[in-house]
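To be precise, the following lines are my_file09.cif, and they hold mmCIF, C-alpha atoms and all ligand atoms.
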```
data_upload
loop_
_atom_site.label_atom_id
_atom_site.label_comp_id
_atom_site.auth_asym_id
_atom_site.auth_seq_id
_atom_site.Cartn_x
_atom_site.Cartn_y
_atom_site.Cartn_z
CA MET A 20 38.76 -25.72 10.65
CA SER A 21 40.24 -24.90 7.24
CA ILE A 22 42.69 -22.00 6.88
CA PHE A 23 40.02 -20.08 5.00
CA SER A 24 37.52 -20.49 7.85
CA ARG A 25 40.15 -19.57 10.43
CA PHE A 26 41.04 -16.40 8.53
CA LYS A 27 37.41 -15.58 8.05
CA SER A 28 36.44 -15.91 11.66
CA ALA A 29 39.53 -14.05 12.88
CA LEU A 30 38.92 -11.31 10.34
CA SER A 31 35.23 -11.03 11.13
CA LYS A 32 35.54 -7.40 12.25
CA ALA A 33 37.49 -6.40 9.16
CA VAL A 34 35.18 -8.32 6.84
CA LYS A 35 32.14 -6.64 8.40
CA VAL A 36 33.54 -3.14 7.93
CA LEU A 37 34.56 -3.89 4.36
CA ASN A 38 31.13 -5.35 3.56
CA THR A 39 29.35 -2.29 4.89
CA ASP A 40 31.68 0.05 3.01
CA ILE A 41 31.29 -1.78 -0.26
CA ARG A 42 27.53 -1.89 0.10
CA ASP A 43 27.47 1.84 0.82
CA LEU A 44 29.56 2.46 -2.24
CA PHE A 45 27.06 0.60 -4.39
CA LYS A 46 23.83 1.96 -2.98
CA THR A 47 22.26 1.40 -6.36
CA SER A 48 22.70 -1.77 -8.37
CA GLY A 49 25.42 -0.27 -10.53
CA ARG A 50 27.31 3.00 -10.43
CA ILE A 51 28.89 5.15 -13.05
CA VAL A 52 32.62 5.05 -12.54
CA ASP A 53 33.41 8.75 -12.37
CA GLU A 54 35.95 10.68 -10.29
CA GLU A 55 33.53 10.96 -7.37
CA PHE A 56 33.12 7.20 -7.27
CA LEU A 57 36.86 6.67 -7.57
CA ASP A 58 37.50 9.09 -4.69
CA GLU A 59 35.10 7.16 -2.48
CA LEU A 60 36.73 3.93 -3.49
CA PHE A 61 40.17 5.30 -2.69
CA ALA A 62 39.02 6.41 0.77
CA MET A 63 37.53 3.00 1.42
CA LEU A 64 40.76 1.21 0.52
CA VAL A 65 42.87 3.54 2.61
CA LYS A 66 40.59 2.70 5.54
CA THR A 67 41.58 -0.96 5.27
CA ASP A 68 45.20 0.08 6.04
CA ALA A 69 46.40 -1.07 2.64
CA GLY A 70 48.32 2.21 2.35
CA VAL A 71 47.86 5.06 -0.13
CA ALA A 72 50.22 3.56 -2.72
CA VAL A 73 48.23 0.35 -2.94
CA ALA A 74 44.89 2.18 -2.85
CA GLY A 75 46.10 4.40 -5.70
CA GLU A 76 47.19 1.41 -7.74
CA VAL A 77 43.87 -0.36 -7.36
CA VAL A 78 41.88 2.79 -8.16
CA ASP A 79 43.98 3.38 -11.29
CA GLU A 80 43.18 -0.12 -12.45
CA ILE A 81 39.44 0.40 -11.89
CA ARG A 82 39.61 3.73 -13.72
CA LYS A 83 41.36 2.09 -16.64
CA GLN A 84 38.84 -0.70 -16.94
CA PHE A 85 35.54 0.94 -16.06
CA ARG A 86 35.77 4.71 -16.53
CA GLY A 87 32.52 6.24 -17.76
CA ARG A 88 30.76 2.90 -17.61
CA VAL A 89 28.36 1.47 -15.13
CA ALA A 90 30.23 -0.91 -12.87
CA LYS A 91 28.56 -3.68 -10.95
CA GLN A 92 29.61 -4.53 -7.43
CA GLU A 93 30.78 -8.01 -8.38
CA ASP A 94 33.00 -6.66 -11.18
CA VAL A 95 34.71 -4.19 -8.89
CA VAL A 96 35.11 -6.70 -6.05
CA GLY A 97 36.44 -9.24 -8.54
CA LEU A 98 39.05 -6.76 -9.64
CA PHE A 99 39.96 -5.95 -6.02
CA LYS A 100 40.56 -9.58 -5.34
CA THR A 101 42.71 -10.12 -8.40
CA LYS A 102 44.74 -7.01 -7.71
CA PHE A 103 45.17 -7.72 -4.00
CA LYS A 104 46.26 -11.26 -4.75
CA GLN A 105 48.82 -9.98 -7.23
CA LEU A 106 50.14 -7.40 -4.79
CA MET A 107 50.28 -9.82 -1.89
CA PHE A 108 51.66 -12.77 -3.75
CA GLN A 109 54.61 -14.45 -2.10
CA SER A 110 55.98 -17.86 -2.71
CA ALA A 111 55.27 -20.28 0.10
CA ALA A 112 57.82 -19.36 2.71
CA PRO A 113 57.98 -21.98 5.41
CA ILE A 114 60.42 -21.72 8.29
CA ASN A 115 64.02 -21.93 7.21
CA LEU A 116 65.35 -24.91 9.15
CA ALA A 117 69.04 -25.56 9.68
CA ALA A 118 70.52 -28.36 7.62
CA ASP A 119 72.10 -29.68 10.82
CA LYS A 120 70.30 -29.03 14.07
CA PRO A 121 69.83 -26.85 15.95
CA THR A 122 67.67 -24.33 14.16
CA VAL A 123 68.03 -20.98 15.88
CA ILE A 124 65.23 -18.41 15.79
CA MET A 125 65.41 -14.91 17.17
CA ILE A 126 62.29 -12.91 17.94
CA CYS A 127 62.11 -9.13 18.09
CA GLY A 128 59.63 -6.29 18.04
CA VAL A 129 58.30 -3.30 19.93
CA ASN A 130 56.82 -3.54 23.43
CA GLY A 131 53.70 -5.62 23.70
CA SER A 132 53.60 -6.62 20.04
CA GLY A 133 53.06 -10.27 20.95
CA LYS A 134 56.61 -11.68 20.94
CA THR A 135 56.37 -14.00 23.93
CA THR A 136 52.94 -15.34 22.95
CA THR A 137 54.16 -15.96 19.41
CA ILE A 138 57.12 -17.92 20.79
CA ALA A 139 54.65 -20.14 22.65
CA LYS A 140 52.75 -20.68 19.40
CA LEU A 141 55.92 -21.54 17.46
CA ALA A 142 57.10 -23.85 20.24
CA LYS A 143 53.78 -25.65 20.15
CA LEU A 144 54.06 -26.05 16.38
CA PHE A 145 57.57 -27.55 16.63
CA ILE A 146 56.63 -29.81 19.53
CA SER A 147 53.67 -31.12 17.53
CA GLN A 148 56.25 -32.10 14.89
CA LYS A 149 58.12 -34.07 17.55
CA LYS A 150 60.94 -31.54 17.73
CA ARG A 151 62.55 -30.67 21.02
CA VAL A 152 62.55 -26.96 21.81
CA VAL A 153 64.67 -24.78 24.09
CA LEU A 154 63.46 -21.26 24.85
CA GLY A 155 65.95 -18.53 25.70
CA ALA A 156 64.49 -15.89 28.02
CA ALA A 157 66.72 -13.06 26.85
CA ASP A 158 64.21 -10.46 27.98
CA THR A 159 66.00 -9.75 31.24
CA PHE A 160 64.70 -6.21 31.30
CA ARG A 161 61.04 -6.46 32.18
CA ALA A 162 60.26 -8.01 35.53
CA ALA A 163 58.18 -11.16 35.08
CA ALA A 164 59.08 -11.53 31.41
CA ALA A 165 61.11 -14.68 32.01
CA GLU A 166 58.38 -16.09 34.25
CA GLN A 167 55.81 -15.51 31.52
CA LEU A 168 57.96 -17.56 29.14
CA ALA A 169 58.59 -20.18 31.85
CA VAL A 170 54.85 -20.69 32.30
CA TRP A 171 54.52 -21.38 28.57
CA ALA A 172 57.56 -23.68 28.59
CA GLU A 173 56.08 -25.73 31.40
CA ARG A 174 52.67 -25.90 29.77
CA LEU A 175 54.02 -26.88 26.35
CA GLY A 176 56.86 -29.14 27.41
CA ALA A 177 59.78 -27.00 26.25
CA GLU A 178 63.08 -26.42 28.07
CA ILE A 179 63.88 -22.90 29.18
CA VAL A 180 67.10 -21.04 29.91
CA MET A 181 66.79 -17.95 32.06
CA GLY A 182 69.27 -15.35 33.27
CA LYS A 183 69.37 -13.25 36.40
CA PRO A 184 67.23 -10.12 36.30
CA GLU A 185 69.02 -7.38 34.34
CA SER A 186 71.80 -9.74 33.27
CA ASP A 187 73.19 -9.43 29.76
CA PRO A 188 70.57 -10.69 27.29
CA ALA A 189 73.29 -11.78 24.87
CA SER A 190 74.75 -14.11 27.50
CA VAL A 191 71.32 -15.65 28.10
CA ALA A 192 70.99 -16.19 24.35
CA HIS A 193 74.43 -17.78 24.34
CA ASN A 194 73.54 -20.09 27.22
CA ALA A 195 70.27 -21.05 25.54
CA ILE A 196 72.09 -22.20 22.43
CA SER A 197 74.64 -24.09 24.52
CA LYS A 198 71.82 -25.89 26.30
CA THR A 199 70.20 -26.69 22.95
CA ILE A 200 73.42 -28.22 21.65
CA GLU A 201 74.25 -30.09 24.86
CA THR A 202 70.82 -31.67 25.08
CA GLY A 203 70.62 -32.40 21.36
CA ALA A 204 67.40 -30.38 21.03
CA ASP A 205 66.19 -29.36 17.58
CA VAL A 206 65.17 -25.74 17.93
CA CYS A 207 66.23 -22.78 20.05
CA ILE A 208 63.90 -19.78 20.14
CA VAL A 209 65.25 -16.62 21.73
CA ASP A 210 62.85 -14.08 23.22
CA THR A 211 64.02 -10.47 23.46
CA ALA A 212 62.74 -7.49 25.40
CA GLY A 213 60.31 -5.15 23.71
CA ARG A 214 62.03 -2.01 22.49
CA LEU A 215 61.14 1.10 20.62
CA HIS A 216 62.78 1.53 17.27
CA THR A 217 63.96 4.94 18.50
CA GLN A 218 66.02 3.50 21.39
CA LYS A 219 69.39 3.28 19.72
CA ASN A 220 71.23 1.54 22.57
CA LEU A 221 68.56 -1.13 22.79
CA MET A 222 68.64 -1.60 19.04
CA MET A 223 72.41 -2.09 19.25
CA GLU A 224 71.81 -4.69 21.94
CA LEU A 225 69.66 -6.58 19.45
CA GLU A 226 72.52 -6.47 17.00
CA LYS A 227 74.78 -7.93 19.71
CA ILE A 228 72.40 -10.81 20.46
CA HIS A 229 72.28 -11.54 16.73
CA ARG A 230 76.06 -11.55 16.52
CA ILE A 231 76.48 -13.86 19.54
CA LEU A 232 74.03 -16.36 18.07
CA GLY A 233 75.99 -16.39 14.82
CA LYS A 234 79.23 -16.99 16.66
CA ARG A 235 77.85 -19.92 18.62
CA VAL A 236 76.13 -21.58 15.65
CA PRO A 237 77.51 -20.51 12.27
CA ASP A 238 74.89 -19.21 9.82
CA SER A 239 72.45 -18.67 12.66
CA PRO A 240 70.02 -17.25 13.50
CA HIS A 241 68.25 -19.12 10.72
CA GLU A 242 65.25 -16.90 11.16
CA VAL A 243 64.80 -13.48 12.69
CA PHE A 244 61.10 -12.90 13.10
CA LEU A 245 59.82 -9.41 13.60
CA ILE A 246 56.50 -9.45 15.39
CA ILE A 247 54.18 -6.69 14.24
CA ASP A 248 50.88 -5.97 15.96
CA ALA A 249 48.33 -5.82 13.13
CA THR A 250 46.27 -3.24 14.98
CA THR A 251 49.07 -0.65 14.74
CA GLY A 252 48.77 -0.32 10.97
CA GLN A 253 51.14 2.02 9.20
CA ASN A 254 52.94 2.80 12.44
CA GLY A 255 53.97 -0.84 12.72
CA ILE A 256 55.45 -0.71 9.25
CA ASN A 257 57.50 2.36 10.06
CA GLN A 258 58.87 0.63 13.16
CA ALA A 259 59.76 -2.41 11.09
CA ASN A 260 61.85 -0.31 8.76
CA ILE A 261 64.11 0.77 11.61
CA PHE A 262 64.42 -2.74 13.09
CA THR A 263 65.70 -4.04 9.78
CA GLU A 264 68.45 -1.43 9.85
CA TYR A 265 69.94 -3.21 12.86
CA VAL A 266 69.15 -6.86 12.28
CA LYS A 267 68.20 -8.49 9.03
CA CYS A 268 64.64 -9.68 9.58
CA THR A 269 63.87 -12.81 7.59
CA GLY A 270 60.16 -12.89 8.20
CA ILE A 271 57.26 -11.07 9.74
CA ILE A 272 54.70 -12.56 12.02
CA LEU A 273 51.65 -10.39 12.14
CA SER A 274 50.01 -10.79 15.53
CA LYS A 275 46.53 -9.82 16.72
CA LEU A 276 44.99 -9.98 13.29
CA ASP A 277 41.84 -11.09 15.10
CA GLY A 278 41.67 -7.73 16.82
CA THR A 279 41.85 -5.50 13.81
CA ALA A 280 39.02 -4.04 11.77
CA LYS A 281 41.44 -3.59 8.90
CA GLY A 282 42.92 -6.44 6.92
CA GLY A 283 44.82 -4.35 4.40
CA VAL A 284 47.92 -3.99 6.56
CA THR A 285 49.27 -7.26 5.13
CA ILE A 286 49.31 -5.69 1.67
CA ALA A 287 51.02 -2.55 2.89
CA ILE A 288 53.71 -4.68 4.56
CA LYS A 289 54.37 -6.60 1.39
CA LYS A 290 54.54 -3.42 -0.66
CA GLN A 291 56.67 -1.36 1.69
CA LEU A 292 58.94 -3.87 3.39
CA ASN A 293 59.10 -6.78 1.01
CA ILE A 294 59.80 -9.16 3.87
CA PRO A 295 57.54 -12.22 3.73
CA VAL A 296 54.71 -12.45 6.21
CA LYS A 297 55.30 -16.01 7.35
CA PHE A 298 52.62 -16.46 9.99
CA VAL A 299 49.69 -14.60 11.42
CA GLY A 300 48.51 -14.63 15.02
CA LEU A 301 44.76 -15.07 15.33
CA GLY A 302 44.24 -15.15 19.09
CA GLU A 303 45.87 -15.47 22.49
CA SER A 304 46.20 -19.23 22.80
CA ALA A 305 49.16 -21.33 21.69
CA ASP A 306 47.05 -22.80 18.87
CA ASP A 307 46.20 -19.46 17.32
CA LEU A 308 48.93 -19.36 14.71
CA GLU A 309 48.43 -19.89 10.98
CA VAL A 310 50.85 -20.03 8.10
CA PHE A 311 50.12 -16.96 6.01
CA ASP A 312 48.47 -17.89 2.73
CA SER A 313 47.88 -14.72 0.71
CA GLU A 314 45.31 -16.26 -1.68
CA LYS A 315 43.11 -17.62 1.08
CA PHE A 316 43.58 -14.44 3.06
CA VAL A 317 42.22 -12.25 0.24
CA ASP A 318 39.33 -14.66 -0.35
CA ALA A 319 38.41 -14.48 3.34
CA MET A 320 38.70 -10.69 3.38
CA PHE A 321 36.27 -10.23 0.50
CA ASP A 322 33.98 -13.14 1.24
CA GLU A 323 30.29 -12.25 1.07
CA THR A 324 30.96 -8.87 -0.48
CA VAL A 325 29.25 -9.84 -3.70
N1 LIG B 1 43.95 -11.23 20.35
C1 LIG B 1 45.25 -11.51 20.31
N2 LIG B 1 46.04 -11.18 21.34
C2 LIG B 1 47.34 -11.48 21.27
C3 LIG B 1 47.92 -12.11 20.13
N3 LIG B 1 49.24 -12.24 20.34
C4 LIG B 1 49.48 -11.72 21.57
N4 LIG B 1 48.35 -11.25 22.14
C5 LIG B 1 48.18 -10.59 23.46
O1 LIG B 1 48.94 -9.40 23.47
C6 LIG B 1 49.45 -9.14 24.78
C7 LIG B 1 50.96 -8.96 24.72
O2 LIG B 1 51.55 -10.18 24.34
P1 LIG B 1 53.04 -10.60 24.71
O3 LIG B 1 53.28 -11.88 24.01
O4 LIG B 1 53.28 -10.54 26.15
O5 LIG B 1 53.80 -9.43 23.99
P2 LIG B 1 55.38 -9.10 24.04
O6 LIG B 1 55.72 -8.54 22.72
O7 LIG B 1 56.13 -10.30 24.48
O8 LIG B 1 55.42 -7.97 25.15
P3 LIG B 1 56.73 -7.36 25.86
O9 LIG B 1 57.60 -8.51 26.22
O10 LIG B 1 56.20 -6.65 27.05
O11 LIG B 1 57.37 -6.43 24.89
C8 LIG B 1 49.04 -10.33 25.62
O12 LIG B 1 47.88 -9.98 26.34
C9 LIG B 1 48.73 -11.42 24.60
O13 LIG B 1 47.80 -12.36 25.05
C10 LIG B 1 47.04 -12.43 19.02
O14 LIG B 1 47.42 -12.96 17.97
N5 LIG B 1 45.72 -12.10 19.18
MG MG B 2 57.55 -10.51 25.95
#
```
Rewrite the coordinates I just gave you, this time as structure tokens.
Amino acid sequence: MSIFSRFKSALSKAVKVLNTDIRDLFKTSGRIVDEEFLDELFAMLVKTDAGVAVAGEVVDEIRKQFRGRVAKQEDVVGLFKTKFKQLMFQSAAPINLAADKPTVIMICGVNGSGKTTTIAKLAKLFISQKKRVVLGAADTFRAAAAEQLAVWAERLGAEIVMGKPESDPASVAHNAISKTIETGADVCIVDTAGRLHTQKNLMMELEKIHRILGKRVPDSPHEVFLIIDATTGQNGINQANIFTEYVKCTGIILSKLDGTAKGGVTIAIKKQLNIPVKFVGLGESADDLEVFDSEKFVDAMFDETV
């Protein structure tokens, strides 16, 4: 399946809602662009989770171009697409690989955001490129977290380094890198326990893991991926802001995009965080990861709306 088709099928809920809303907005074949229309348009955009700032920007543009005139659905949708593409644009941002192996990747995020599943997806991607992967189970906090990762490691053919329950996550991270170096593996991906952005001690622990990785392999971690659950909308963005105060996040992976009825969250992330969305999660299996392509994403979101 092409990226476009994958986005489209994963976004089917969001596309359906947007289609209905746009059709409702244009009950007649064309509508006068007056303040009432613009208010409705604003509300519709906010509903996509694009955020009020983005919705305001798009509405201003429509006002500027169409005010007092009759606007056709295809003109307005065309302008949405152009504007969304502009707002979402990011240069292709593939994974930053180390010049000399190993590449070290740290994963963080709030509880249940999809960290461990995303690690499985990334591991699968690397393994398909013939790279050898070591997973560090530095979530020593939640019972069964390491086992969950071990099941994936076994299934995908990755190595895993685990610690004792409640042992220091930073030492597990350290051991995972050591194992990666000793075995000459290419990539080390470190899982961390879910934490709330309000739990200061746990956020400091994240900082410590980050520091230990950098000590063991200079200039690492090469990527710190923050996993945001797409269904949490604006709340997810607020959490992200606090995470970045403790560790510099180099990329966002937006999980569970298949479960959301709102596709606009990607635009809000770009606008408010300015951290590239590198991948999106489109399902629960290890294959359900796509590189984020903003152009194709917007096309999929507005497909069939004209
Ligand atoms: N539909 C869908 N479900 C997902 C996706 N990513 C993860 N999940 C599901 O979300 C749930 C939580 O995923 P985990 O990977 O365990 O999340 P986590 O962040 O590691 O959770 P904690 O370690 O408890 O903080 C699981 O049921 C996953 O199958 C996705 O892209 N789409
Ligand atoms: Mg987990």
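Of the listed residues (A:Phe45, A:Trp171, A:Phe56, A:Phe99), A:Trp171 comes nearest to ligand MG 2 (chain B); the distances count only C-alpha atoms and all ligand atoms.
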Once you count all atoms listed in the file, which residues end up within 6 Å of ligand LIG 1 (chain B), and could you hand them over as a PyMOL selection string?
chain A and resi 129-136+212-213+274-275+277-278+300-303
Just want the residues within 12 Å of ligand MG 2 (chain B), written as a PyMOL selection string, counting only C-alpha atoms and all ligand atoms.
chain A and resi 126-139+155-169+171+209-214+246
Closest to Asp322 (chain A) among A:Lys66, A:Lys289, A:Lys91, A:Lys100, using all atoms listed in the file?
A:Lys100
Take CA of Ala111 (chain A) and CA of Val296 (chain A) and report the distance between them in Å, one decimal.
9.9 Å
Which residues, written as an MDAnalysis selection string, have at least one atom at most 12 Å from Ile114 (chain A), with only C-alpha atoms counted and residues fewer than 2 positions away on the same chain left out?
chainID A and resid 111:112 116:117 122:124 141 144:145 206 240:244 269:272 295:298 310:311
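Using all atoms listed in the file, the smallest distance between any of A:Ile208, A:Ile256, A:Val266, A:Leu273 and Leu308 (chain A) comes from A:Leu273.
Our summary of the geometry notes that CA of Pro188 (chain A) is positioned 7.1 Å from CA of Ile228 (chain A).
Counting from CA of Val236 (chain A), the distance to CA of Ala142 (chain A) is 19.7 Å.
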Quick one: everything within 8 Å of Ala259 (chain A), counting only C-alpha atoms, minus sequence neighbours fewer than 4 positions away in the same chain. Send it as a PDB file with C-alpha atoms, in the frame of the given file.
```
ATOM      1  CA  GLY A 128      59.630  -6.290  18.040  1.00  0.00           C
ATOM      2  CA  HIS A 216      62.780   1.530  17.270  1.00  0.00           C
ATOM      3  CA  LEU A 245      59.820  -9.410  13.600  1.00  0.00           C
ATOM      4  CA  ILE A 247      54.180  -6.690  14.240  1.00  0.00           C
ATOM      5  CA  GLY A 255      53.970  -0.840  12.720  1.00  0.00           C
ATOM      6  CA  THR A 263      65.700  -4.040   9.780  1.00  0.00           C
ATOM      7  CA  LEU A 292      58.940  -3.870   3.390  1.00  0.00           C
TER       8      LEU A 292
END
```
Would you mind listing what lies within 9 Å of Ala189 (chain A) as a VMD selection string, with all atoms listed in the file counted and same-chain residues fewer than 4 positions away left out?
chain A and resid 157 193 to 194 224 to 225 227 to 232
Please define a box with edges along x, y and z of the file around all atoms of region 198-207 of chain A given in the file, extend it by 4 Å on each side, and return its centre and edge lengths in Å to one decimal, as AutoDock Vina command-line options.
```
--center_x 69.7 --center_y -27.6 --center_z 21.9 --size_x 17.1 --size_y 17.6 --size_z 16.7
```
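Shortest atom-to-atom contact with Glu264 (chain A) among A:Thr217, A:Ser147, A:Thr101, A:Ser21: A:Thr217, counting all atoms listed in the file.
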Rank A:Val299, A:Ile22, A:Ala195, A:Cys268 by their smallest atom-to-atom distance to Asp248 (chain A), using all atoms listed in the file, and report the top residue only.
A:Val299
Counting all atoms listed in the file, note down every residue that has an atom within 7 Å of the point (61.9, -25.3, 26.0) (file coordinates), as a tab-separated table (two decimals) with C-alpha atoms, in the frame of the given file.
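Written file, part.tsv:
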```
chain	number	residue	atom	x	y	z
A	152	VAL	CA	62.55	-26.96	21.81
A	153	VAL	CA	64.67	-24.78	24.09
A	154	LEU	CA	63.46	-21.26	24.85
A	172	ALA	CA	57.56	-23.68	28.59
A	176	GLY	CA	56.86	-29.14	27.41
A	177	ALA	CA	59.78	-27.00	26.25
A	178	GLU	CA	63.08	-26.42	28.07
A	179	ILE	CA	63.88	-22.90	29.18
```
For Ala62 (chain A), work out the shell of residues within 12 Å, counting all atoms listed in the file and skipping chain neighbours fewer than 3 positions away, then give it as a JSON list (two decimals) with C-alpha atoms, keeping the file's coordinate frame.
```json
[["chain", "number", "residue", "atom", "x", "y", "z"],
["A", 37, "LEU", "CA", 34.56, -3.89, 4.36],
["A", 40, "ASP", "CA", 31.68, 0.05, 3.01],
["A", 41, "ILE", "CA", 31.29, -1.78, -0.26],
["A", 44, "LEU", "CA", 29.56, 2.46, -2.24],
["A", 55, "GLU", "CA", 33.53, 10.96, -7.37],
["A", 56, "PHE", "CA", 33.12, 7.20, -7.27],
["A", 57, "LEU", "CA", 36.86, 6.67, -7.57],
["A", 58, "ASP", "CA", 37.50, 9.09, -4.69],
["A", 59, "GLU", "CA", 35.10, 7.16, -2.48],
["A", 65, "VAL", "CA", 42.87, 3.54, 2.61],
["A", 66, "LYS", "CA", 40.59, 2.70, 5.54],
["A", 67, "THR", "CA", 41.58, -0.96, 5.27],
["A", 68, "ASP", "CA", 45.20, 0.08, 6.04],
["A", 69, "ALA", "CA", 46.40, -1.07, 2.64],
["A", 70, "GLY", "CA", 48.32, 2.21, 2.35],
["A", 71, "VAL", "CA", 47.86, 5.06, -0.13],
["A", 73, "VAL", "CA", 48.23, 0.35, -2.94],
["A", 74, "ALA", "CA", 44.89, 2.18, -2.85],
["A", 75, "GLY", "CA", 46.10, 4.40, -5.70],
["A", 77, "VAL", "CA", 43.87, -0.36, -7.36],
["A", 78, "VAL", "CA", 41.88, 2.79, -8.16]]
```
